[in-house]
Amino acid sequence: MDPVIINKEKCIGCGLCASDCPSGYIYIENGKANTYKGGCLECGHCYAICPQGAVTMLGYDCTDEAVVPMTELPSDTLLAAMRSRRSVRQFTDQPVEEEKIQKILEAGRYSPTGGNSQNVAYTILGSRQDAAEAICVDLFRKGTSLSSRFKSFSERFHITDDFFFKGAPLVIVVTSASKTNAGLASSYMELMAESLGLGVLYSGFFVSCTKLSVKLRRLLRVPKGHKVRTCMVIGYPAVKYHRIVPRKPLKVTWL
């Protein structure tokens with residue numbers, strides 16, 4: 001069954017859905033919107049643009065929420081906040097509230113994906129967080145004797161039991177078949193977490209460990225066809241930064 005259902009009684013044949021459809025799935029005939037058989041990306045543009053609310057999408061939570069444009073956010077304030085963000089490596093032991101976790105995940109759910117594939121999944125380590133970190137710590141501690149890729153790093157640092165997650169109460173592992181889609185979702189999630197007063201650290205070392213350890217991949221239950229793309233360590237910061245860090249000059253090529 002096609003995913004888009006058009007209520008012909010509500011449809012006024014304005015053509016907005018057809019002109020905004022990226023796959024040419026919708027067409028206007030006899031003053032009403034119609035759909036071809038197959039080819040829908042399920043992007044939801046038709047649902048969002050219809051002024052009459054004539055479109056329904058099967059299998060989706062069509063709650064008829066009004067759009068909130070980004071112009072509602074002061075651009076100068078948004079830019080200043082984005083410039084102010086820091087990777088946090090010191091956390092308090094205060095748990096992250098369930099309501100905030102759901103908002104972070106919802107931000108990821110609504111991030112864009114190529115072809116509207118929506119092929120990003122999330123694993124909250126929860127009760128397995130210590131076990132996952134222990135596997136990674138063991139890998140790094142063996143790095144010196146094994147002459148692995150971690151040798152030079154492990155020689156400079158003392159690998160503590162909380163080296164990877166820094167004692168943070170929440171770790172979300174983002175997986176996908178697409179590195180780009182997972183990266184976009186993670187960025188959305190980070191912005192939401194920051195807006196909720198939380199700090200975020202991307203643990204690239206943890207991602208590297210998932211490539212080396214079958215045991216770790218089994219623990220994570222990575223969906224078939226997915227790879228671990230990012231690991232987001234989240235919690236309330238135990239440190240405060242007072243000024244925006246400088247950046248090197250902007251590199252732009254105008255053609």
# chains A, B, ... in the order shown; residues from 1 in each chain; ligands from 1
>>> select_by_dssp(residues="segment 30-158 of chain A", states="strand (DSSP E)", output="ChimeraX atom specification")
/A:32-35,55-57,120-124
>>> residues_around(residues="Gly183 of chain A", least_positions_apart="5", cutoff="9 Å", atoms="only C-alpha atoms", output="PyMOL selection string")
chain A and resi 174+178+188+229-230
>>> select_by_dssp(residues="segment 14-240 of chain A", states="helix (DSSP H, G or I)", output="JSON, numbers by chain")
{"A": [16, 17, 18, 19, 20, 45, 46, 47, 48, 49, 70, 71, 72, 75, 76, 77, 78, 79, 80, 81, 82, 83, 84, 98, 99, 100, 101, 102, 103, 104, 105, 106, 107, 108, 109, 114, 115, 116, 126, 127, 128, 129, 130, 131, 132, 133, 134, 135, 136, 137, 138, 139, 140, 141, 142, 143, 144, 145, 146, 151, 152, 153, 154, 155, 156, 179, 180, 181, 182, 183, 184, 185, 186, 187, 188, 189, 190, 191, 192, 193, 194, 195, 204, 205, 206, 207, 208, 209, 210, 211, 212, 214, 215, 216, 217, 218, 219, 220]}
>>> closest_residue(among="A:Met192, A:Ala177, A:Asp20, A:Gly44", to="Gly59 of chain A", atoms="only C-alpha atoms")
A:Gly44
>>> residues_around(residues="segment 62-74 of chain A", least_positions_apart="4", cutoff="10 Å", atoms="only C-alpha atoms", output="JSON, numbers by chain")
{"A": [44, 47, 48, 53, 55, 56, 57, 58, 78, 79]}
>>> write_last_selection(atoms="N, CA and C atoms", output="CSV table (one decimal), in the first residue's frame")
chain,number,residue,atom,x,y,z
A,44,GLY,N,7.6,13.4,3.5
A,44,GLY,CA,6.6,14.2,4.3
A,44,GLY,C,6.4,15.6,3.8
A,47,TYR,N,2.8,16.3,3.1
A,47,TYR,CA,2.1,16.4,4.4
A,47,TYR,C,2.3,17.8,5.0
A,48,ALA,N,3.5,18.3,5.0
A,48,ALA,CA,3.9,19.5,5.6
A,48,ALA,C,3.4,20.7,4.9
A,53,GLY,N,-4.6,20.3,5.0
A,53,GLY,CA,-4.5,19.1,5.9
A,53,GLY,C,-5.1,17.8,5.2
A,55,VAL,N,-3.5,15.5,3.5
A,55,VAL,CA,-2.5,14.4,3.3
A,55,VAL,C,-2.3,13.6,4.7
A,56,THR,N,-2.3,12.3,4.6
A,56,THR,CA,-2.0,11.5,5.7
A,56,THR,C,-0.9,10.5,5.3
A,57,MET,N,0.0,10.2,6.2
A,57,MET,CA,1.0,9.2,5.9
A,57,MET,C,0.9,8.0,6.8
A,58,LEU,N,0.7,6.8,6.1
A,58,LEU,CA,0.5,5.6,6.8
A,58,LEU,C,1.8,5.2,7.6
A,78,LEU,N,22.0,32.5,18.7
A,78,LEU,CA,22.3,31.1,18.3
A,78,LEU,C,23.7,30.9,17.9
A,79,LEU,N,24.2,31.9,17.1
A,79,LEU,CA,25.6,31.8,16.6
A,79,LEU,C,26.6,31.9,17.8
>>> decode(residues="segment 81-125 of chain A", atoms="N, CA and C atoms", output="mmCIF file, in the first residue's frame")
data_model
loop_
_atom_site.group_PDB
_atom_site.id
_atom_site.type_symbol
_atom_site.label_atom_id
_atom_site.label_comp_id
_atom_site.auth_asym_id
_atom_site.auth_seq_id
_atom_site.Cartn_x
_atom_site.Cartn_y
_atom_site.Cartn_z
ATOM 1 N N ALA A 81 26.006 30.996 20.895
ATOM 2 C CA ALA A 81 25.921 29.750 21.656
ATOM 3 C C ALA A 81 26.698 28.634 20.958
ATOM 4 N N MET A 82 26.601 28.592 19.632
ATOM 5 C CA MET A 82 27.327 27.567 18.882
ATOM 6 C C MET A 82 28.841 27.787 18.980
ATOM 7 N N ARG A 83 29.249 29.038 18.969
ATOM 8 C CA ARG A 83 30.680 29.346 19.104
ATOM 9 C C ARG A 83 31.181 29.061 20.512
ATOM 10 N N SER A 84 30.289 29.038 21.474
ATOM 11 C CA SER A 84 30.672 28.862 22.880
ATOM 12 C C SER A 84 30.814 27.410 23.297
ATOM 13 N N ARG A 85 30.306 26.480 22.498
ATOM 14 C CA ARG A 85 30.292 25.078 22.919
ATOM 15 C C ARG A 85 31.715 24.549 23.079
ATOM 16 N N ARG A 86 31.862 23.643 24.036
ATOM 17 C CA ARG A 86 33.135 22.984 24.319
ATOM 18 C C ARG A 86 32.884 21.496 24.502
ATOM 19 N N SER A 87 33.858 20.685 24.150
ATOM 20 C CA SER A 87 33.790 19.268 24.516
ATOM 21 C C SER A 87 34.047 19.163 26.013
ATOM 22 N N VAL A 88 33.139 18.503 26.709
ATOM 23 C CA VAL A 88 33.217 18.404 28.170
ATOM 24 C C VAL A 88 33.821 17.061 28.570
ATOM 25 N N ARG A 89 34.826 17.105 29.445
ATOM 26 C CA ARG A 89 35.483 15.878 29.919
ATOM 27 C C ARG A 89 35.440 15.732 31.431
ATOM 28 N N GLN A 90 34.684 16.620 32.068
ATOM 29 C CA GLN A 90 34.513 16.547 33.521
ATOM 30 C C GLN A 90 33.020 16.667 33.816
ATOM 31 N N PHE A 91 32.478 15.646 34.469
ATOM 32 C CA PHE A 91 31.040 15.593 34.708
ATOM 33 C C PHE A 91 30.734 15.396 36.189
ATOM 34 N N THR A 92 29.571 15.898 36.615
ATOM 35 C CA THR A 92 29.079 15.593 37.950
ATOM 36 C C THR A 92 28.418 14.214 37.900
ATOM 37 N N ASP A 93 28.034 13.695 39.051
ATOM 38 C CA ASP A 93 27.364 12.388 39.077
ATOM 39 C C ASP A 93 25.844 12.517 39.017
ATOM 40 N N GLN A 94 25.345 13.723 38.730
ATOM 41 C CA GLN A 94 23.900 13.925 38.637
ATOM 42 C C GLN A 94 23.341 13.184 37.423
ATOM 43 N N PRO A 95 22.345 12.333 37.609
ATOM 44 C CA PRO A 95 21.758 11.607 36.478
ATOM 45 C C PRO A 95 21.068 12.559 35.503
ATOM 46 N N VAL A 96 21.018 12.166 34.243
ATOM 47 C CA VAL A 96 20.285 12.929 33.236
ATOM 48 C C VAL A 96 18.830 12.468 33.259
ATOM 49 N N GLU A 97 17.919 13.411 33.418
ATOM 50 C CA GLU A 97 16.510 13.088 33.546
ATOM 51 C C GLU A 97 15.968 12.419 32.280
ATOM 52 N N GLU A 98 15.013 11.514 32.464
ATOM 53 C CA GLU A 98 14.404 10.780 31.359
ATOM 54 C C GLU A 98 13.804 11.727 30.319
ATOM 55 N N GLU A 99 13.167 12.793 30.782
ATOM 56 C CA GLU A 99 12.551 13.757 29.870
ATOM 57 C C GLU A 99 13.598 14.372 28.941
ATOM 58 N N LYS A 100 14.773 14.659 29.478
ATOM 59 C CA LYS A 100 15.833 15.258 28.666
ATOM 60 C C LYS A 100 16.409 14.245 27.684
ATOM 61 N N ILE A 101 16.526 13.001 28.124
ATOM 62 C CA ILE A 101 17.019 11.961 27.213
ATOM 63 C C ILE A 101 16.079 11.812 26.025
ATOM 64 N N GLN A 102 14.786 11.847 26.287
ATOM 65 C CA GLN A 102 13.813 11.711 25.207
ATOM 66 C C GLN A 102 13.899 12.881 24.229
ATOM 67 N N LYS A 103 14.146 14.080 24.729
ATOM 68 C CA LYS A 103 14.286 15.243 23.847
ATOM 69 C C LYS A 103 15.530 15.125 22.979
ATOM 70 N N ILE A 104 16.604 14.614 23.550
ATOM 71 C CA ILE A 104 17.844 14.423 22.789
ATOM 72 C C ILE A 104 17.611 13.411 21.670
ATOM 73 N N LEU A 105 16.947 12.302 21.992
ATOM 74 C CA LEU A 105 16.665 11.279 20.989
ATOM 75 C C LEU A 105 15.698 11.792 19.922
ATOM 76 N N GLU A 106 14.737 12.595 20.331
ATOM 77 C CA GLU A 106 13.781 13.160 19.373
ATOM 78 C C GLU A 106 14.475 14.087 18.396
ATOM 79 N N ALA A 107 15.470 14.831 18.882
ATOM 80 C CA ALA A 107 16.254 15.696 17.997
ATOM 81 C C ALA A 107 16.965 14.863 16.942
ATOM 82 N N GLY A 108 17.518 13.721 17.355
ATOM 83 C CA GLY A 108 18.159 12.833 16.394
ATOM 84 C C GLY A 108 17.168 12.264 15.398
ATOM 85 N N ARG A 109 15.988 11.920 15.878
ATOM 86 C CA ARG A 109 14.959 11.324 15.008
ATOM 87 C C ARG A 109 14.540 12.264 13.895
ATOM 88 N N TYR A 110 14.563 13.566 14.168
ATOM 89 C CA TYR A 110 14.124 14.543 13.181
ATOM 90 C C TYR A 110 15.260 15.156 12.379
ATOM 91 N N SER A 111 16.459 14.601 12.493
ATOM 92 C CA SER A 111 17.562 15.082 11.668
ATOM 93 C C SER A 111 17.370 14.585 10.234
ATOM 94 N N PRO A 112 17.889 15.317 9.255
ATOM 95 C CA PRO A 112 17.739 14.880 7.862
ATOM 96 C C PRO A 112 18.590 13.654 7.558
ATOM 97 N N THR A 113 18.096 12.820 6.645
ATOM 98 C CA THR A 113 18.853 11.650 6.179
ATOM 99 C C THR A 113 18.755 11.583 4.663
ATOM 100 N N GLY A 114 19.827 11.136 4.020
ATOM 101 C CA GLY A 114 19.847 11.039 2.572
ATOM 102 C C GLY A 114 18.734 10.157 2.039
ATOM 103 N N GLY A 115 17.972 10.683 1.070
ATOM 104 C CA GLY A 115 16.862 9.910 0.513
ATOM 105 C C GLY A 115 15.784 9.613 1.520
ATOM 106 N N ASN A 116 15.766 10.362 2.627
ATOM 107 C CA ASN A 116 14.827 10.128 3.721
ATOM 108 C C ASN A 116 14.875 8.672 4.182
ATOM 109 N N SER A 117 16.087 8.101 4.218
ATOM 110 C CA SER A 117 16.249 6.698 4.600
ATOM 111 C C SER A 117 15.930 6.447 6.068
ATOM 112 N N GLN A 118 16.085 7.466 6.903
ATOM 113 C CA GLN A 118 15.824 7.342 8.346
ATOM 114 C C GLN A 118 16.522 6.100 8.910
ATOM 115 N N ASN A 119 17.766 5.917 8.497
ATOM 116 C CA ASN A 119 18.488 4.687 8.845
ATOM 117 C C ASN A 119 19.516 4.911 9.953
ATOM 118 N N VAL A 120 19.126 5.645 10.975
ATOM 119 C CA VAL A 120 19.993 5.878 12.129
ATOM 120 C C VAL A 120 19.360 5.229 13.353
ATOM 121 N N ALA A 121 20.177 4.539 14.151
ATOM 122 C CA ALA A 121 19.684 3.880 15.363
ATOM 123 C C ALA A 121 20.535 4.310 16.554
ATOM 124 N N TYR A 122 19.990 4.150 17.747
ATOM 125 C CA TYR A 122 20.630 4.652 18.960
ATOM 126 C C TYR A 122 20.662 3.558 20.026
ATOM 127 N N THR A 123 21.791 3.438 20.687
ATOM 128 C CA THR A 123 21.937 2.489 21.787
ATOM 129 C C THR A 123 22.336 3.250 23.035
ATOM 130 N N ILE A 124 21.513 3.181 24.071
ATOM 131 C CA ILE A 124 21.845 3.780 25.365
ATOM 132 C C ILE A 124 22.477 2.675 26.209
ATOM 133 N N LEU A 125 23.714 2.866 26.619
ATOM 134 C CA LEU A 125 24.446 1.795 27.284
ATOM 135 C C LEU A 125 23.837 1.404 28.626
#
